[in-house]
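Student: Following this message is one structure expressed as structure tokens.
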Amino acid sequence: MQSEPEQVKQETTEGKADTEKRAWFLFGLGLLFYLLTRFVGLDRFPIYFFSDEAIQTMSAVDLIGRGFKDVDGSLFPIYFQNGSQYNLSLSVWLQVLIAWLPRSVWLTRALPALIGLVFPFSVSLWARNYLKSKHWWLVPLLISALPAWFLHSRTAFETSLGVSFYSLFLFFYLRYRSKNRKNLLLALLFGACAFYSYAPLQLVVVATGLVLLIVDWRYHFQDKKSLLFGLVTLLLLALPYILFQLHHQQALSTHLHLLRSYWLSNIPILNKIGIFLGKWLQGLNPLYWFHPNQTDLIRHQMKGLGHLPWFFIPFFLMGAWQCLKNWKEPANRLVLIALLVGPLGAAIADIAITRVLVMLVPLSLLIFIGLSQTIEWLIGRIPLKTLPSYLSALAIASFSIWMCWYAITKGPLWYSEYGLYGMQWGGQQLSEKIVAFKQEFSQTKLQLSPGWANNTDIIMRYFLGDPLPLKIGSIIEYDLYYTEIEPDQVFIITPDEYNWLLKNPKFDQIEVFDSLEWPDGQTGFTFLRLAYSERAEQIFEVELQQRRQPEMSEFDLLGQSVSITYSRMDLGTIAHIFDNNTATPMRTLEANPLEISIDFSAPIELQNVTAMVGSPATRLSVTIVLSDSGEELTFSETVSSSEQIRPISVDFGSVYQISNLTVSIESINEPEPTHVHLWELILE
């Protein structure tokens, strides 16, 4: 027979075991609830299927088709192009797992949504094992109720992958820091996964690692064998990135240029640091997170909601205070470190929710810490000890269910801008319409305007396959030059283009075949046939003569003000070719050759002219006017076609004093009209 103390001890142990079993059961239900809110209506919300989602699958399809080689023939590439920049990596390799299955929006989004489960899973274990909270099972419900995560975890954007792997990186680092040194390998591995998932996370991951190396240096150096193993592992994980940068030295600057980063602007370094700090603080501003903002693109917002629910503000503040008080404890300190480094990647360019989504990891932990403390405070003051946690679960789950219903049923009508500068809606719906139209009018030749979305060709390839059963091209092309319009040609255009067409005197005989409505009932796409008017050819001739007139500007060059005359452009400015930045080209509207004439107010000495040109075979001709005699001298060089931007130089053989310089850059074998690109013009 057991003594009374032993019986009490056994009952206490059994009670704890029952409580733990109940917590794990509720945790499992929470994860199932979380998955349900991710997968229900996954192809209906977000209402768009963006090109940055489609390109994940299409890059995987192309990779398999090339035998796991990139366009340059390199086997197992680490980075893939998205437009003109290399910013896709692990997300493409993950899509390889499902690229062989029938293509669907639901499936493309489902893979990252499923991987996203590791975010609430790792944060829950963090709360259980290291924050020692009895209410850790609430975490999946809490994370399911975050509007920013609800939206982005239901897309195929690589930002959600980055957040998921970053949460694992922090969790396994915490396990390593808690005397389980074998977890260092997993921490480094998932840190690398986050690094290769999403470009803005590169700085965040590196900064997190450096801060942890400094803050916990005593712990690291207690086991030099483990430290050495970690350094070797880190080098191996970084090696693919290092090799990529060595072979693509312009990739980083090109990426920053496309982001319009102030780091590439010609302002003092102290100003750049000041801007950086300002944007970093903006990313930490609670108003940005808990209040609806006008900063982010509308397709990255839940209308009327902040990125985090406003009623979580008290819990966030309480959690932040608790972590500050207990910052010496590794679990609390790591939350604060993740919070402070979170905005760094976005601050290089500008704060946007996709770039700072990683901050949801520390923010959700801070909210949970505050919520857990509140529940504990209530438990001490009411007789029903389980009531506060169950009511909290019910309230959070109810909000999540409402948010899911709100998004799926009301989301299509949140915003009235469905085109390029708004939701970019219509990829799937338009593709279905095109298939039906081709079945009814099989002899027609379709041309789709690209003006309603980014990278329309990628979206159409995703839904319609290869080869595309239509041409991607703007109807504006038929307004620039007199181009034959075949009788069976049907154009698919946007409302703005349709209204422009009705007012354009070059066109008549507009015959509308069909249309596709936007979710609000307005006409979004029009299928039509048209012809040129009788006055068209005369109007074209007048416009062509006007366009052939060169442009002129005053410009500071080589220490003096110069007058520059140049062919009309449709991309860049004349200043771009003198800014020592090959990421900022200029391009002619139609002229071939591109001609640039520079009149110097005072004679200059010149011996060499170098032009950075594109892939076509190119002829560079340079004519100089000698300042003393007025004599003209002409020099010329030619280069064959290439896959890369490269220099072509003309050397005069000696130094001349000149008053005028005329440069002619001709794309050989490309008749006018054509676009001639020039990246830099270097005078030496």
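To be explicit about the labels: the chains of the structure tokens are called A, B, and onward in the order shown, and within each one the residues are counted from 1, while ligands get numbers from 1 in the order they are shown.
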Write out as CSV the residues of region 299-406 of chain A that have any atom within 10 Å of an atom of region 270-290 of chain A, one row each with the nearest atom pair and its distance in Å to one decimal, counting only C-alpha atoms, sorted by chain and then rising number.
Tutor:
```
residue,atom,partner,partner_atom,distance
A:Leu305,CA,A:Phe290,CA,8.0
A:Gly306,CA,A:Phe290,CA,4.8
A:His307,CA,A:Trp289,CA,5.1
A:Leu308,CA,A:Phe290,CA,5.0
A:Pro309,CA,A:Phe290,CA,5.9
A:Trp310,CA,A:Phe290,CA,5.1
A:Phe311,CA,A:Phe290,CA,8.6
A:Phe312,CA,A:Phe290,CA,8.2
A:Ile313,CA,A:Phe290,CA,7.2
A:Phe316,CA,A:Pro286,CA,9.4
A:Leu317,CA,A:Pro286,CA,9.7
A:Leu339,CA,A:Leu284,CA,7.9
A:Leu340,CA,A:Leu284,CA,7.6
A:Val341,CA,A:Trp280,CA,8.7
A:Gly342,CA,A:Gly283,CA,8.0
A:Pro343,CA,A:Gly283,CA,5.3
A:Leu344,CA,A:Trp280,CA,6.1
A:Gly345,CA,A:Trp280,CA,9.0
A:Ala346,CA,A:Trp280,CA,7.8
A:Ala347,CA,A:Lys279,CA,5.1
A:Ile348,CA,A:Phe276,CA,6.4
A:Ala349,CA,A:Phe276,CA,8.3
A:Asp350,CA,A:Lys279,CA,6.6
A:Ile351,CA,A:Gly283,CA,6.3
A:Ala352,CA,A:Gly283,CA,8.5
A:Ile353,CA,A:Gly283,CA,9.0
A:Arg355,CA,A:Gly283,CA,9.8
A:Val356,CA,A:Gly283,CA,7.2
A:Met359,CA,A:Gly283,CA,8.8
A:Leu360,CA,A:Trp289,CA,9.7
A:Leu363,CA,A:Trp289,CA,9.6
```
Student: For the selection you just gave me, I'd like the residues written to a file as a short mmCIF file (atom, residue, chain, number, x, y, z; two decimals), in the first residue's frame, keeping N, CA, C and O atoms.
Tutor:
```cif
data_model
loop_
_atom_site.label_atom_id
_atom_site.label_comp_id
_atom_site.auth_asym_id
_atom_site.auth_seq_id
_atom_site.Cartn_x
_atom_site.Cartn_y
_atom_site.Cartn_z
N LEU A 305 -7.51 45.57 -43.07
CA LEU A 305 -6.77 44.92 -41.99
C LEU A 305 -5.31 45.34 -42.03
O LEU A 305 -4.74 45.56 -43.10
N GLY A 306 -4.72 45.43 -40.86
CA GLY A 306 -3.27 45.60 -40.81
C GLY A 306 -2.60 44.27 -41.12
O GLY A 306 -3.24 43.23 -41.23
N HIS A 307 -1.30 44.30 -41.24
CA HIS A 307 -0.58 43.05 -41.46
C HIS A 307 -0.69 42.12 -40.25
O HIS A 307 -0.57 40.90 -40.38
N LEU A 308 -0.94 42.71 -39.08
CA LEU A 308 -1.23 41.97 -37.85
C LEU A 308 -2.52 42.52 -37.27
O LEU A 308 -2.79 43.72 -37.38
N PRO A 309 -3.35 41.69 -36.62
CA PRO A 309 -4.60 42.20 -36.04
C PRO A 309 -4.34 43.23 -34.95
O PRO A 309 -3.47 43.04 -34.10
N TRP A 310 -5.13 44.29 -34.94
CA TRP A 310 -4.92 45.37 -33.97
C TRP A 310 -5.11 44.90 -32.53
O TRP A 310 -4.49 45.43 -31.61
N PHE A 311 -5.97 43.89 -32.32
CA PHE A 311 -6.23 43.45 -30.95
C PHE A 311 -5.07 42.65 -30.36
O PHE A 311 -5.10 42.27 -29.19
N PHE A 312 -4.04 42.38 -31.17
CA PHE A 312 -2.83 41.74 -30.64
C PHE A 312 -1.82 42.76 -30.09
O PHE A 312 -0.79 42.37 -29.54
N ILE A 313 -2.10 44.06 -30.23
CA ILE A 313 -1.14 45.08 -29.81
C ILE A 313 -0.78 44.96 -28.32
O ILE A 313 0.41 44.98 -27.97
N PHE A 316 1.56 42.08 -27.87
CA PHE A 316 2.87 42.39 -28.45
C PHE A 316 3.71 43.24 -27.49
O PHE A 316 4.90 42.96 -27.26
N LEU A 317 3.10 44.26 -26.93
CA LEU A 317 3.83 45.15 -26.02
C LEU A 317 4.26 44.41 -24.75
O LEU A 317 5.39 44.58 -24.26
N LEU A 339 14.03 40.13 -34.24
CA LEU A 339 13.21 41.32 -34.46
C LEU A 339 14.05 42.46 -35.03
O LEU A 339 13.64 43.14 -35.99
N LEU A 340 15.23 42.67 -34.48
CA LEU A 340 16.06 43.81 -34.89
C LEU A 340 16.71 43.62 -36.26
O LEU A 340 16.90 44.59 -36.99
N VAL A 341 17.05 42.39 -36.62
CA VAL A 341 17.69 42.18 -37.92
C VAL A 341 16.66 41.98 -39.03
O VAL A 341 17.00 42.08 -40.21
N GLY A 342 15.39 41.74 -38.67
CA GLY A 342 14.37 41.45 -39.66
C GLY A 342 14.23 42.45 -40.78
O GLY A 342 14.09 42.07 -41.95
N PRO A 343 14.28 43.78 -40.51
CA PRO A 343 14.08 44.76 -41.59
C PRO A 343 15.32 45.03 -42.45
O PRO A 343 15.23 45.80 -43.40
N LEU A 344 16.46 44.45 -42.12
CA LEU A 344 17.71 44.83 -42.78
C LEU A 344 17.68 44.57 -44.29
O LEU A 344 18.12 45.42 -45.08
N GLY A 345 17.18 43.42 -44.71
CA GLY A 345 17.16 43.10 -46.14
C GLY A 345 16.30 44.05 -46.92
O GLY A 345 16.65 44.47 -48.03
N ALA A 346 15.15 44.43 -46.37
CA ALA A 346 14.25 45.36 -47.06
C ALA A 346 14.81 46.77 -47.07
O ALA A 346 14.61 47.52 -48.04
N ALA A 347 15.53 47.15 -46.02
CA ALA A 347 16.03 48.52 -45.90
C ALA A 347 17.05 48.88 -46.97
O ALA A 347 17.31 50.06 -47.20
N ILE A 348 17.62 47.90 -47.65
CA ILE A 348 18.56 48.18 -48.74
C ILE A 348 17.85 48.92 -49.87
O ILE A 348 18.45 49.76 -50.55
N ALA A 349 16.57 48.63 -50.07
CA ALA A 349 15.81 49.30 -51.12
C ALA A 349 14.66 50.08 -50.50
O ALA A 349 14.72 51.30 -50.36
N ASP A 350 13.61 49.37 -50.08
CA ASP A 350 12.47 50.03 -49.45
C ASP A 350 11.67 48.98 -48.70
O ASP A 350 11.68 47.80 -49.04
N ILE A 351 10.96 49.45 -47.68
CA ILE A 351 10.16 48.53 -46.87
C ILE A 351 8.92 48.10 -47.67
O ILE A 351 8.19 48.93 -48.20
N ALA A 352 8.72 46.80 -47.75
CA ALA A 352 7.53 46.21 -48.37
C ALA A 352 7.25 44.92 -47.63
O ALA A 352 8.17 44.25 -47.16
N ILE A 353 5.99 44.56 -47.51
CA ILE A 353 5.63 43.42 -46.67
C ILE A 353 6.29 42.13 -47.15
O ILE A 353 6.67 41.29 -46.33
N ARG A 355 9.21 41.79 -48.33
CA ARG A 355 10.62 41.81 -47.93
C ARG A 355 10.80 41.73 -46.41
O ARG A 355 11.88 41.34 -45.95
N VAL A 356 9.79 42.12 -45.65
CA VAL A 356 9.91 42.06 -44.19
C VAL A 356 9.00 40.99 -43.59
O VAL A 356 8.80 40.96 -42.38
N MET A 359 9.78 39.01 -40.41
CA MET A 359 9.60 39.53 -39.06
C MET A 359 8.40 38.90 -38.35
O MET A 359 8.24 39.07 -37.14
N LEU A 360 7.57 38.19 -39.09
CA LEU A 360 6.45 37.51 -38.44
C LEU A 360 6.93 36.45 -37.46
O LEU A 360 6.20 36.10 -36.52
N LEU A 363 7.70 38.50 -34.25
CA LEU A 363 6.48 39.19 -33.86
C LEU A 363 5.45 38.20 -33.31
O LEU A 363 4.76 38.48 -32.31
#
```
Student: Give me the residues near Phe368 (chain A) as number ranges by chain, where near means some atom within 12 Å (using only C-alpha atoms) and where sequence neighbours in that chain fewer than 5 positions away do not count.
Tutor: A: 120, 123-124, 126-128, 131, 133-143, 312-320, 322-323, 335, 360-363, 373-375, 389, 392-393, 396
Student: Excluding region 536-547 of chain A and residues on its chain fewer than 5 positions from it, collect all residues at most 9 Å away from it, counting only C-alpha atoms, and give them as a tab-separated table (two decimals) with C-alpha atoms, in the first residue's frame.
Tutor:
```
chain	number	residue	atom	x	y	z
A	479	ASP	CA	0.04	52.48	-84.16
A	480	LEU	CA	3.77	53.13	-84.61
A	481	TYR	CA	4.23	51.70	-88.13
A	482	TYR	CA	1.90	50.68	-90.91
A	505	PRO	CA	-7.99	58.03	-86.45
A	506	LYS	CA	-5.69	55.33	-87.88
A	507	PHE	CA	-8.20	52.54	-87.20
A	568	ARG	CA	15.20	59.53	-80.03
A	589	LEU	CA	13.03	54.16	-80.23
A	590	GLU	CA	13.63	52.94	-83.78
```
Student: Determine, counting only C-alpha atoms, which protein, DNA and RNA residues have an atom within 9 Å of an atom of Gln56 (chain A); residues of the same chain fewer than 2 positions away are not included. Present the result as number ranges by chain.
Tutor: A: 51-54, 58-61, 88, 91-95, 108, 156-158
Student: Restricting it to C-alpha atoms, dump the selection as a PDB file, in the first residue's frame.
Tutor:
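The resulting file, result-v9.pdb, is reproduced below:
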```
ATOM      1  CA  SER A  51       3.882  35.914 -62.882  1.00  0.00           C
ATOM      2  CA  ASP A  52       6.250  35.541 -59.907  1.00  0.00           C
ATOM      3  CA  GLU A  53       4.205  32.488 -58.957  1.00  0.00           C
ATOM      4  CA  ALA A  54       3.969  31.026 -62.456  1.00  0.00           C
ATOM      5  CA  MET A  58       7.840  27.198 -65.484  1.00  0.00           C
ATOM      6  CA  SER A  59      11.496  27.520 -64.463  1.00  0.00           C
ATOM      7  CA  ALA A  60      11.277  24.003 -63.010  1.00  0.00           C
ATOM      8  CA  VAL A  61       9.693  22.711 -66.236  1.00  0.00           C
ATOM      9  CA  LEU A  88      15.197  32.512 -57.944  1.00  0.00           C
ATOM     10  CA  SER A  91      11.912  27.737 -54.789  1.00  0.00           C
ATOM     11  CA  VAL A  92      12.470  26.458 -58.334  1.00  0.00           C
ATOM     12  CA  TRP A  93      14.149  23.249 -57.173  1.00  0.00           C
ATOM     13  CA  LEU A  94      11.211  22.547 -54.860  1.00  0.00           C
ATOM     14  CA  GLN A  95       8.778  22.980 -57.753  1.00  0.00           C
ATOM     15  CA  THR A 108       1.684  25.330 -57.428  1.00  0.00           C
ATOM     16  CA  ALA A 156       3.839  30.600 -54.510  1.00  0.00           C
ATOM     17  CA  PHE A 157       5.979  33.661 -53.779  1.00  0.00           C
ATOM     18  CA  GLU A 158       9.362  32.627 -52.474  1.00  0.00           C
TER      19      GLU A 158
END
```
Student: Give me, as a PyMOL selection string, the residues of region 503-573 of chain A that a backbone DSSP run labels strand (DSSP E or B).
Tutor: chain A and resi 507-517+523-532+551-557+560-566+569-571
Student: Applying 9 Å and only C-alpha atoms, which residues near Leu189 (chain A) remain after dropping the ones on its own chain fewer than 3 positions away? List them as a list in words.
Tutor: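 Using only C-alpha atoms, the neighbours found are Phe169, Leu184, Leu185, Leu186, Ala192, Cys193, Ala194, Thr233, Leu234 and Leu237 of chain A.
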Student: Name the residues in contact with region 243-257 of chain A at a cut-off of 6 Å, using only C-alpha atoms, excluding same-chain residues fewer than 4 positions from it; report them as JSON, numbers by chain.
Tutor: {"A": [85, 261, 583]}
Student: Within 9 Å of Phe437 (chain A), counting only C-alpha atoms, which residues qualify if same-chain residues fewer than 5 places away don't, as a list in words?
Tutor: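 Residues near the query, excluding close chain neighbours: Glu432, Ser442 and Asp514 of chain A.
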Student: Write the residues of the preceding selection, restricted to all heavy atoms, as a PDB file, in the first residue's frame.
Tutor:
```pdb
ATOM      1  N   GLU A 432      -8.714  30.246 -69.956  1.00  0.00           N
ATOM      2  CA  GLU A 432      -9.884  29.409 -70.219  1.00  0.00           C
ATOM      3  C   GLU A 432     -10.740  30.012 -71.332  1.00  0.00           C
ATOM      4  O   GLU A 432     -11.279  29.288 -72.181  1.00  0.00           O
ATOM      5  CB  GLU A 432     -10.697  29.254 -68.932  1.00  0.00           C
ATOM      6  CG  GLU A 432      -9.962  28.470 -67.844  1.00  0.00           C
ATOM      7  CD  GLU A 432     -10.665  28.526 -66.498  1.00  0.00           C
ATOM      8  OE1 GLU A 432     -11.658  29.291 -66.381  1.00  0.00           O
ATOM      9  OE2 GLU A 432     -10.228  27.819 -65.561  1.00  0.00           O
ATOM     10  N   SER A 442     -11.562  28.520 -84.840  1.00  0.00           N
ATOM     11  CA  SER A 442     -10.273  27.825 -84.932  1.00  0.00           C
ATOM     12  C   SER A 442      -9.314  28.464 -85.925  1.00  0.00           C
ATOM     13  O   SER A 442      -8.096  28.271 -85.828  1.00  0.00           O
ATOM     14  CB  SER A 442     -10.500  26.363 -85.309  1.00  0.00           C
ATOM     15  OG  SER A 442     -11.200  26.270 -86.538  1.00  0.00           O
ATOM     16  N   ASP A 514     -15.948  39.069 -78.609  1.00  0.00           N
ATOM     17  CA  ASP A 514     -16.226  38.507 -77.292  1.00  0.00           C
ATOM     18  C   ASP A 514     -15.566  39.393 -76.246  1.00  0.00           C
ATOM     19  O   ASP A 514     -14.805  40.326 -76.575  1.00  0.00           O
ATOM     20  CB  ASP A 514     -15.682  37.078 -77.197  1.00  0.00           C
ATOM     21  CG  ASP A 514     -16.432  36.234 -76.170  1.00  0.00           C
ATOM     22  OD1 ASP A 514     -17.136  36.822 -75.332  1.00  0.00           O
ATOM     23  OD2 ASP A 514     -16.298  35.002 -76.197  1.00  0.00           O
TER      24      ASP A 514
END
```
Student: Just the helix (DSSP H, G or I) stuff from region 29-240 of chain A, please, per backbone DSSP, written as a ChimeraX atom specification.
Tutor: /A:29-39,51-65,90-95,105-115,118-129,136-144,147-152,158-177,181-197,201-215,217-221,224-240
Student: Point out the residue among A:Tyr390, A:Leu170, A:Ser400, A:Asn454 with the least atom-to-atom distance to Ile337 (chain A), counting only C-alpha atoms.
Tutor: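 Residue with the minimum atom-to-atom distance to Ile337 (chain A): A:Leu170.
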Student: Go through A:Phe463, A:Leu174, A:Thr386, A:Ala602 one by one, measure the shortest atom-to-atom distance of each to Pro102 (chain A) using only C-alpha atoms, and give the residue with the smallest value.
Tutor: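 The shortest atom-to-atom distance to Pro102 (chain A) comes from A:Phe463.
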Student: What does the distance from CA of Pro330 (chain A) to CA of Pro200 (chain A) come to in Å, to one decimal?
Tutor: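 CA of Pro200 (chain A) lies at a distance of 25.7 Å from CA of Pro330 (chain A).
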Student: Smallest atom-to-atom distance to Trp24 (chain A): which of A:Phe121, A:Phe171, A:Phe45, A:Trp500, using only C-alpha atoms?
Tutor: A:Phe121
Student: Can you work out the spacing between CA of Leu661 (chain A) and CA of Asp599 (chain A) in Å, to one decimal?
Tutor: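 Value for the CA of Leu661 (chain A)-CA of Asp599 (chain A) distance: 6.8 Å.
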Student: Which residue out of A:Ser144, A:Thr618, A:Thr57, A:Ser640 has the minimum interatomic distance to Ile401 (chain A) when only C-alpha atoms are used?
Tutor: A:Ser144
